[in-house]
Amino acid sequence: MTATFSFPTDRYILIGKVGKPHGLHGDVRLHLYSGQPENVLSYSHLVLVSTAGRLSSSLRVNTCRLQRKSAIVGFESIIDRNGAEQLAGMGVLLDKEDLPKGNEGELYWYQFDGLPVKTRAGTLLGRVEKIFSNGAQDILVVRDGSQEYLIPILDSIIVSRTDEEIIVDPPPGLLEINSGREGMIDP
């Protein structure tokens, strides 16, 4: 994600970025951030956002097919290559209401943003700044001022998570490795 986009985060989530046009009939390549491009097959409408923060109207997805780690999408109102070229570089937004409902206790990554993270002993480590995948597992980036912790999202470490907080039980040494302050945190 090299470009940053300004949009109403209370309503939308950024799921990808529009790449180059594909063919002559208005299709575009979408580079999707989730690592699961097949998810876009279930979305009937998307909104695009420019780097200046201008939102498109809701665009109906007419066609969608997967190609490697991206999706080739045809929008109802984009009918030629010229129209598709104007979309290149825009962010792809999904209305949060269009997300499939998760099972009990499941949360989307965006629902972790800003949550306080505490150890089982009650020590506040900070708040979730972001999440990323390192290929093996997803990682919470927890920040408190200049202090940053990288905490793997594993059932053996995440004791509980709710809409209000995340409780962790890190193995010995995990917090100290990230902090550079060995022995100063009581997990």
# chains A, B, ... in the order shown; residues from 1 in each chain; ligands from 1
call {"tool": "select_by_dssp", "arguments": {"residues": "region 25-186 of chain A", "states": "strand (DSSP E or B)", "output": "MDAnalysis selection string"}}
result
chainID A and resid 27:32 45:49 55 59:67 70:75 91:95 116:119 124:133 138:144 147:152 158:161 166:168
call {"tool": "write_last_selection", "arguments": {"atoms": "C-alpha atoms", "output": "mmCIF file, in the first residue's frame"}}
result
data_model
loop_
_atom_site.group_PDB
_atom_site.id
_atom_site.type_symbol
_atom_site.label_atom_id
_atom_site.label_comp_id
_atom_site.auth_asym_id
_atom_site.auth_seq_id
_atom_site.Cartn_x
_atom_site.Cartn_y
_atom_site.Cartn_z
ATOM 1 C CA ASP A 27 -12.283 -3.893 -17.245
ATOM 2 C CA VAL A 28 -9.632 -3.066 -14.642
ATOM 3 C CA ARG A 29 -7.226 -5.104 -12.562
ATOM 4 C CA LEU A 30 -7.775 -4.832 -8.815
ATOM 5 C CA HIS A 31 -4.824 -5.474 -6.508
ATOM 6 C CA LEU A 32 -6.507 -6.689 -3.332
ATOM 7 C CA HIS A 45 -20.931 -2.898 -5.401
ATOM 8 C CA LEU A 46 -17.666 -1.087 -4.703
ATOM 9 C CA VAL A 47 -16.706 2.552 -4.203
ATOM 10 C CA LEU A 48 -13.472 4.071 -5.484
ATOM 11 C CA VAL A 49 -11.499 6.854 -3.807
ATOM 12 C CA LEU A 55 -15.345 9.179 -3.588
ATOM 13 C CA LEU A 59 -20.173 1.093 -8.778
ATOM 14 C CA ARG A 60 -22.047 -2.079 -9.648
ATOM 15 C CA VAL A 61 -19.744 -5.013 -10.383
ATOM 16 C CA ASN A 62 -20.853 -6.614 -13.660
ATOM 17 C CA THR A 63 -18.076 -9.142 -14.131
ATOM 18 C CA CYS A 64 -15.306 -10.454 -11.958
ATOM 19 C CA ARG A 65 -12.720 -13.129 -12.551
ATOM 20 C CA LEU A 66 -9.594 -14.043 -10.679
ATOM 21 C CA GLN A 67 -6.183 -13.864 -12.267
ATOM 22 C CA SER A 70 -5.669 -10.059 -8.358
ATOM 23 C CA ALA A 71 -9.139 -9.735 -9.847
ATOM 24 C CA ILE A 72 -10.244 -8.461 -13.241
ATOM 25 C CA VAL A 73 -13.430 -6.458 -12.679
ATOM 26 C CA GLY A 74 -15.894 -4.887 -15.067
ATOM 27 C CA PHE A 75 -18.054 -2.106 -13.627
ATOM 28 C CA GLY A 91 -8.350 2.969 -3.836
ATOM 29 C CA VAL A 92 -11.064 0.311 -3.717
ATOM 30 C CA LEU A 93 -13.523 0.651 -0.838
ATOM 31 C CA LEU A 94 -16.124 -1.730 0.482
ATOM 32 C CA ASP A 95 -19.061 -0.574 2.580
ATOM 33 C CA PRO A 116 -6.162 -1.518 23.960
ATOM 34 C CA VAL A 117 -3.932 -4.564 24.440
ATOM 35 C CA LYS A 118 -3.259 -5.804 27.966
ATOM 36 C CA THR A 119 -1.334 -8.710 29.381
ATOM 37 C CA LEU A 124 -1.434 -2.081 29.328
ATOM 38 C CA LEU A 125 0.942 -2.559 26.397
ATOM 39 C CA GLY A 126 -0.693 0.042 24.154
ATOM 40 C CA ARG A 127 -3.215 0.135 21.337
ATOM 41 C CA VAL A 128 -3.411 -1.758 18.066
ATOM 42 C CA GLU A 129 -1.941 0.471 15.382
ATOM 43 C CA LYS A 130 -2.221 -1.976 12.497
ATOM 44 C CA ILE A 131 -2.119 -5.624 11.503
ATOM 45 C CA PHE A 132 -0.013 -7.269 8.831
ATOM 46 C CA SER A 133 0.713 -10.771 7.654
ATOM 47 C CA ASP A 138 -1.003 -12.293 11.202
ATOM 48 C CA ILE A 139 0.818 -9.845 13.476
ATOM 49 C CA LEU A 140 -0.624 -7.133 15.742
ATOM 50 C CA VAL A 141 1.409 -3.929 15.821
ATOM 51 C CA VAL A 142 0.790 -2.510 19.292
ATOM 52 C CA ARG A 143 2.107 0.954 20.099
ATOM 53 C CA ASP A 144 2.336 3.004 23.270
ATOM 54 C CA GLN A 147 7.239 1.700 22.293
ATOM 55 C CA GLU A 148 6.124 -0.868 19.701
ATOM 56 C CA TYR A 149 5.315 -4.561 20.155
ATOM 57 C CA LEU A 150 4.797 -7.125 17.399
ATOM 58 C CA ILE A 151 2.429 -9.793 18.689
ATOM 59 C CA PRO A 152 1.481 -12.838 16.592
ATOM 60 C CA ILE A 158 -4.400 -14.049 22.322
ATOM 61 C CA VAL A 159 -6.287 -15.074 25.471
ATOM 62 C CA SER A 160 -9.426 -13.089 24.686
ATOM 63 C CA ARG A 161 -10.608 -10.407 22.316
ATOM 64 C CA ILE A 166 -7.475 -7.671 23.653
ATOM 65 C CA ILE A 167 -5.855 -9.749 26.404
ATOM 66 C CA VAL A 168 -2.562 -11.474 25.596
#
call {"tool": "closest_residue", "arguments": {"among": "A:Leu24, A:Asp169, A:Pro8, A:Ala52", "to": "Gly122 (chain A)", "atoms": "only C-alpha atoms"}}
result
A:Asp169
call {"tool": "residues_around", "arguments": {"residues": "Leu99 (chain A)", "least_positions_apart": "5", "cutoff": "10 Å", "atoms": "only C-alpha atoms", "output": "PyMOL selection string"}}
result
chain A and resi 13+39+42-43+94+108
call {"tool": "atom_distance", "arguments": {"atom1": "CA of Asp163 (chain A)", "atom2": "CA of Trp109 (chain A)"}}
result
11.8 Å
